[in-house]
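K.L.:
What follows is a single structure, and I will ask about it in a moment.
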Amino acid sequence: MNYRKLGKTNLNISEISLGTWQVGGKWGSDFSSKNAEKIINTAIDNGVNFIDTADVYSEGLSEKAVGKIVRSRSEEVYIATKCGRQLNPHTNASYTTAALRKFVEESLSNLGVDRIDLMQIHCPPTEVYNRPEIFGLFDDLTKEGKIRNYGVSVEKVEEALKAIEFEGVSTVQIIFNMFRQKPSETFFTEAKKKDVGIIARVPLASGLLTGKFSKTTTFDKDDHRFFNREGAAFDKGETFSGIDYSLGLKAVEALKTVFNNDVNLVHKALQWILSFNEVSCVIPGASSVDQLFSNLNTSQASLISEEQLKQVNNIYNTFIKPEVHDLW
């Protein structure tokens, strides 16, 4: 495992870390604590020392599973969690310092820890980024010792740029992958200037970039890849990176030809992200140990060549950029 510095937090974290949106169960299926614990333990066994969760993942069960395992281990493993998405309605007006403080206290309880290594505001409405009192709350929570660092998880590049105007923001979690390249433009440059850590989320475009999907692939009715393709439940960009599914399949087939159809496309998708030195880590999820190992084995795979990088960019410019580049 290779490690990178997480911006101004100065934490050295595994460049391939673990996201836990679907850990312990596939999207749309029941949560299994036993499966979650097996995945998390195996990740730590293999050098992962940064685990990202959220209070809304399986209604707190993900936080509880992460906390239980991390507390049981002798290794230093950093926990990042998120708050805000519980608000209903999820609007600017619902974001109050009292509500957010309560969520932080609940996460501390779920995790069973005295201090959270990284607390992130969870994709708030754009208006929230213009409210200094919200970010001031997290400054206060840092001084109180309840959190070690704080950051944001964002939907749009403009939100990321606004967030890092607040000095206390140490990290930004943002969708970045072969099909979502806009963050590598202005935002990466500005984040590097301010020593803000970048956490790349949705690295496999909700599984599209595994290369395992086809026109006949079906998804459970409770899976966001079934019900949220047009943004019915939350931001459309969270599902397949906002790309039309059929178009995504065409782009994936083009990617396969770049890599001669004989390699694990997961490895190339993760390597592509990590080729940007501004990225601190990538957080692919896993609903099984096999998926976890597929992600972790990226470090042993042959590297993407300069010519292949150019071809990946050509595919993006041909298939993807005209459709979604300016949306997020």
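Ordering of the structure tokens sets the chain letters (A, B, ...), residue numbers begin anew at 1 in every chain, and ligands are numbered from 1 in the order given.
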Please extract the residues of region 35-231 of chain A with a backbone DSSP assignment of alpha helix (DSSP H) and present them as a ChimeraX atom specification.

P.N.:
/A:35-45,61-72,97-111,132-143,157-163,186-193,224-227

K.L.:
List as JSON lines every residue of region 19-112 of chain A that is in contact with region 156-178 of chain A, defined as an atom at most 12 Å from one of its atoms (using only C-alpha atoms), together with the nearest atom pair and the distance in Å rounded to one decimal, sorted by chain and then rising number.

P.N.:
```
{"residue": "A:Gly19", "atom": "CA", "partner": "A:Gln173", "partner_atom": "CA", "distance": 11.3}
{"residue": "A:Asp52", "atom": "CA", "partner": "A:Gln173", "partner_atom": "CA", "distance": 10.1}
{"residue": "A:Thr53", "atom": "CA", "partner": "A:Gln173", "partner_atom": "CA", "distance": 11.9}
{"residue": "A:Ala80", "atom": "CA", "partner": "A:Thr171", "partner_atom": "CA", "distance": 10.6}
{"residue": "A:Thr81", "atom": "CA", "partner": "A:Gln173", "partner_atom": "CA", "distance": 11.1}
{"residue": "A:Lys82", "atom": "CA", "partner": "A:Gln173", "partner_atom": "CA", "distance": 10.4}
```

K.L.:
Any chance you can output those residues with N, CA and C atoms as a PDB file, in the first residue's frame?

P.N.:
```pdb
ATOM      1  N   GLY A  19     -14.537   3.313   1.061  1.00  0.00           N
ATOM      2  CA  GLY A  19     -15.808   3.990   1.219  1.00  0.00           C
ATOM      3  C   GLY A  19     -16.859   2.985   1.654  1.00  0.00           C
ATOM      4  N   ASP A  52     -14.082   5.905   5.170  1.00  0.00           N
ATOM      5  CA  ASP A  52     -15.083   6.957   5.046  1.00  0.00           C
ATOM      6  C   ASP A  52     -16.479   6.374   5.221  1.00  0.00           C
ATOM      7  N   THR A  53     -17.270   6.993   6.091  1.00  0.00           N
ATOM      8  CA  THR A  53     -18.637   6.556   6.318  1.00  0.00           C
ATOM      9  C   THR A  53     -19.530   7.790   6.407  1.00  0.00           C
ATOM     10  N   ALA A  80     -13.365   8.894   8.856  1.00  0.00           N
ATOM     11  CA  ALA A  80     -14.025  10.089   8.331  1.00  0.00           C
ATOM     12  C   ALA A  80     -15.517   9.782   8.253  1.00  0.00           C
ATOM     13  N   THR A  81     -16.329  10.694   8.738  1.00  0.00           N
ATOM     14  CA  THR A  81     -17.764  10.513   8.589  1.00  0.00           C
ATOM     15  C   THR A  81     -18.377  11.820   8.101  1.00  0.00           C
ATOM     16  N   LYS A  82     -19.691  11.809   7.903  1.00  0.00           N
ATOM     17  CA  LYS A  82     -20.358  12.962   7.302  1.00  0.00           C
ATOM     18  C   LYS A  82     -21.696  13.200   7.988  1.00  0.00           C
TER      19      LYS A  82
END
```

K.L.:
Neighbouring residues of Ala286 (chain A) were defined as those with any atom within 12 Å, considering only C-alpha atoms; residues of the same chain fewer than 2 positions away were excluded. Please report them as a ChimeraX atom specification.

P.N.:
/A:17-27,35-40,42-43,51,202-204,206-207,283-284,288-296

K.L.:
Ranking A:Ser32, A:Asn88, A:Thr216, A:Asn261 by minimum distance to Tyr245 (chain A) and counting only C-alpha atoms, which one comes first?

P.N.:
A:Thr216

K.L.:
Compile the contact shell of region 268-280 of chain A as a PyMOL selection string: residues with an atom at most 9 Å away, counting only C-alpha atoms, same-chain residues fewer than 2 positions apart removed.

P.N.:
chain A and resi 3-7+12-16+176-178+184+188-189+191-192+196-200+203-204+209-210+259+263-266+282+284+295+298-299+301-304+309+312

K.L.:
Let's have the selection written as a short mmCIF file (atom, residue, chain, number, x, y, z; two decimals), in the first residue's frame, with C-alpha atoms.

P.N.:
```cif
data_model
loop_
_atom_site.label_atom_id
_atom_site.label_comp_id
_atom_site.auth_asym_id
_atom_site.auth_seq_id
_atom_site.Cartn_x
_atom_site.Cartn_y
_atom_site.Cartn_z
CA TYR A 3 0.33 6.47 1.37
CA ARG A 4 -0.25 10.16 0.69
CA LYS A 5 -0.65 13.24 2.87
CA LEU A 6 -4.25 14.35 3.41
CA GLY A 7 -3.71 18.06 2.90
CA ASN A 12 -0.66 10.00 5.97
CA ILE A 13 -3.43 7.88 4.53
CA SER A 14 -3.67 4.90 2.21
CA GLU A 15 -4.05 6.10 -1.35
CA ILE A 16 -6.65 3.38 -1.86
CA PHE A 176 -13.71 12.42 -9.79
CA ASN A 177 -13.19 9.64 -12.29
CA MET A 178 -12.59 8.95 -15.99
CA SER A 184 -8.89 18.48 -12.38
CA PHE A 188 -7.20 20.96 -8.19
CA THR A 189 -4.89 23.94 -8.68
CA ALA A 191 -6.81 23.13 -3.55
CA LYS A 192 -3.09 22.51 -3.90
CA VAL A 196 -6.53 21.05 0.97
CA GLY A 197 -6.73 17.27 0.80
CA ILE A 198 -8.77 15.82 -2.07
CA ILE A 199 -10.78 12.65 -1.51
CA ALA A 200 -11.98 11.16 -4.81
CA PRO A 203 -14.30 6.51 -8.54
CA LEU A 204 -15.94 3.73 -10.57
CA LEU A 209 -16.07 1.64 -14.82
CA THR A 210 -15.74 -1.96 -13.65
CA PHE A 259 -6.48 -1.64 -22.62
CA VAL A 263 -7.00 -6.25 -17.94
CA ASN A 264 -9.17 -5.44 -14.94
CA LEU A 265 -10.71 -2.10 -15.87
CA VAL A 266 -11.11 -1.31 -12.14
CA VAL A 282 -9.61 7.32 -3.64
CA PRO A 284 -14.03 2.85 -3.74
CA ASN A 295 -9.70 -2.49 -5.65
CA THR A 298 -4.58 -1.88 -8.27
CA SER A 299 -1.16 -1.22 -6.75
CA ALA A 301 -1.16 -3.85 -11.77
CA SER A 302 0.94 -2.51 -14.64
CA LEU A 303 0.72 1.27 -14.88
CA ILE A 304 -1.21 3.20 -17.49
CA LEU A 309 -3.84 8.36 -20.79
CA VAL A 312 -8.73 7.92 -22.15
#
```

K.L.:
Pick from A:Pro183, A:Gly237, A:Gly67, A:Gly285: nearest to Cys123 (chain A), with only C-alpha atoms counted?

P.N.:
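Answer, going by the shortest atom-to-atom distance: A:Gly237.
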
K.L.:
Within 12 Å of His224 (chain A), counting only C-alpha atoms, which residues show up once you throw out same-chain ones fewer than 2 positions away? Write them as a PyMOL selection string, please.

P.N.:
chain A and resi 21-22+26-29+206-207+218-222+226-242

K.L.:
May I have the selected residues written with C-alpha atoms, as a short mmCIF file (atom, residue, chain, number, x, y, z; two decimals), in the first residue's frame?

P.N.:
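Produced file selection_36.cif, reproduced below:
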```
data_model
loop_
_atom_site.label_atom_id
_atom_site.label_comp_id
_atom_site.auth_asym_id
_atom_site.auth_seq_id
_atom_site.Cartn_x
_atom_site.Cartn_y
_atom_site.Cartn_z
CA TRP A 21 -21.88 3.55 1.36
CA GLN A 22 -22.67 -0.06 0.42
CA LYS A 26 -25.18 -4.11 -1.96
CA TRP A 27 -27.09 -0.94 -2.71
CA GLY A 28 -30.71 -1.77 -2.08
CA SER A 29 -30.11 -4.84 0.08
CA SER A 206 -21.39 3.56 -9.63
CA GLY A 207 -19.83 0.44 -11.14
CA THR A 218 -30.61 -5.21 -13.96
CA PHE A 219 -30.58 -3.41 -10.62
CA ASP A 220 -32.76 -3.94 -7.57
CA LYS A 221 -35.67 -1.51 -7.25
CA ASP A 222 -34.10 -0.14 -4.05
CA PHE A 226 -32.39 1.88 -10.72
CA PHE A 227 -34.40 4.72 -9.21
CA ASN A 228 -32.08 7.75 -9.33
CA ARG A 229 -30.86 7.88 -12.93
CA GLU A 230 -32.80 11.10 -13.46
CA GLY A 231 -32.22 12.47 -9.95
CA ALA A 232 -35.55 11.37 -8.43
CA ALA A 233 -34.11 10.92 -4.93
CA PHE A 234 -30.90 13.00 -4.84
CA ASP A 235 -28.46 14.67 -7.19
CA LYS A 236 -28.39 12.88 -10.54
CA GLY A 237 -24.61 13.18 -10.62
CA GLU A 238 -24.30 10.61 -7.81
CA THR A 239 -25.57 7.84 -10.13
CA PHE A 240 -23.26 6.77 -12.97
CA SER A 241 -21.62 10.20 -12.54
CA GLY A 242 -24.71 11.69 -14.18
#
```

K.L.:
Take CA of Ala251 (chain A) and CA of Asn297 (chain A) and report the distance between them in Å, one decimal.

P.N.:
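One can read the CA of Ala251 (chain A) to CA of Asn297 (chain A) distance as 23.8 Å.
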
K.L.:
Would you work out the distance separating CA of Ser62 (chain A) from CA of Cys83 (chain A), expressed in Å to one decimal?

P.N.:
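One can read the CA of Ser62 (chain A) to CA of Cys83 (chain A) distance as 13.2 Å.
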
K.L.:
Looking only at strand (DSSP E or B) from DSSP on the backbone, list the matching residues of region 106-157 of chain A as a list in words.

P.N.:
Ile116, Leu118, Met119, Gln120, Ile121, His122, Ile147, Tyr150, Gly151, Val152 and Ser153 of chain A

K.L.:
Pick from A:Glu306, A:Glu155, A:Asp30, A:Glu323: nearest to Phe179 (chain A), with only C-alpha atoms counted?

P.N.:
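The shortest atom-to-atom distance to Phe179 (chain A) comes from A:Glu323.
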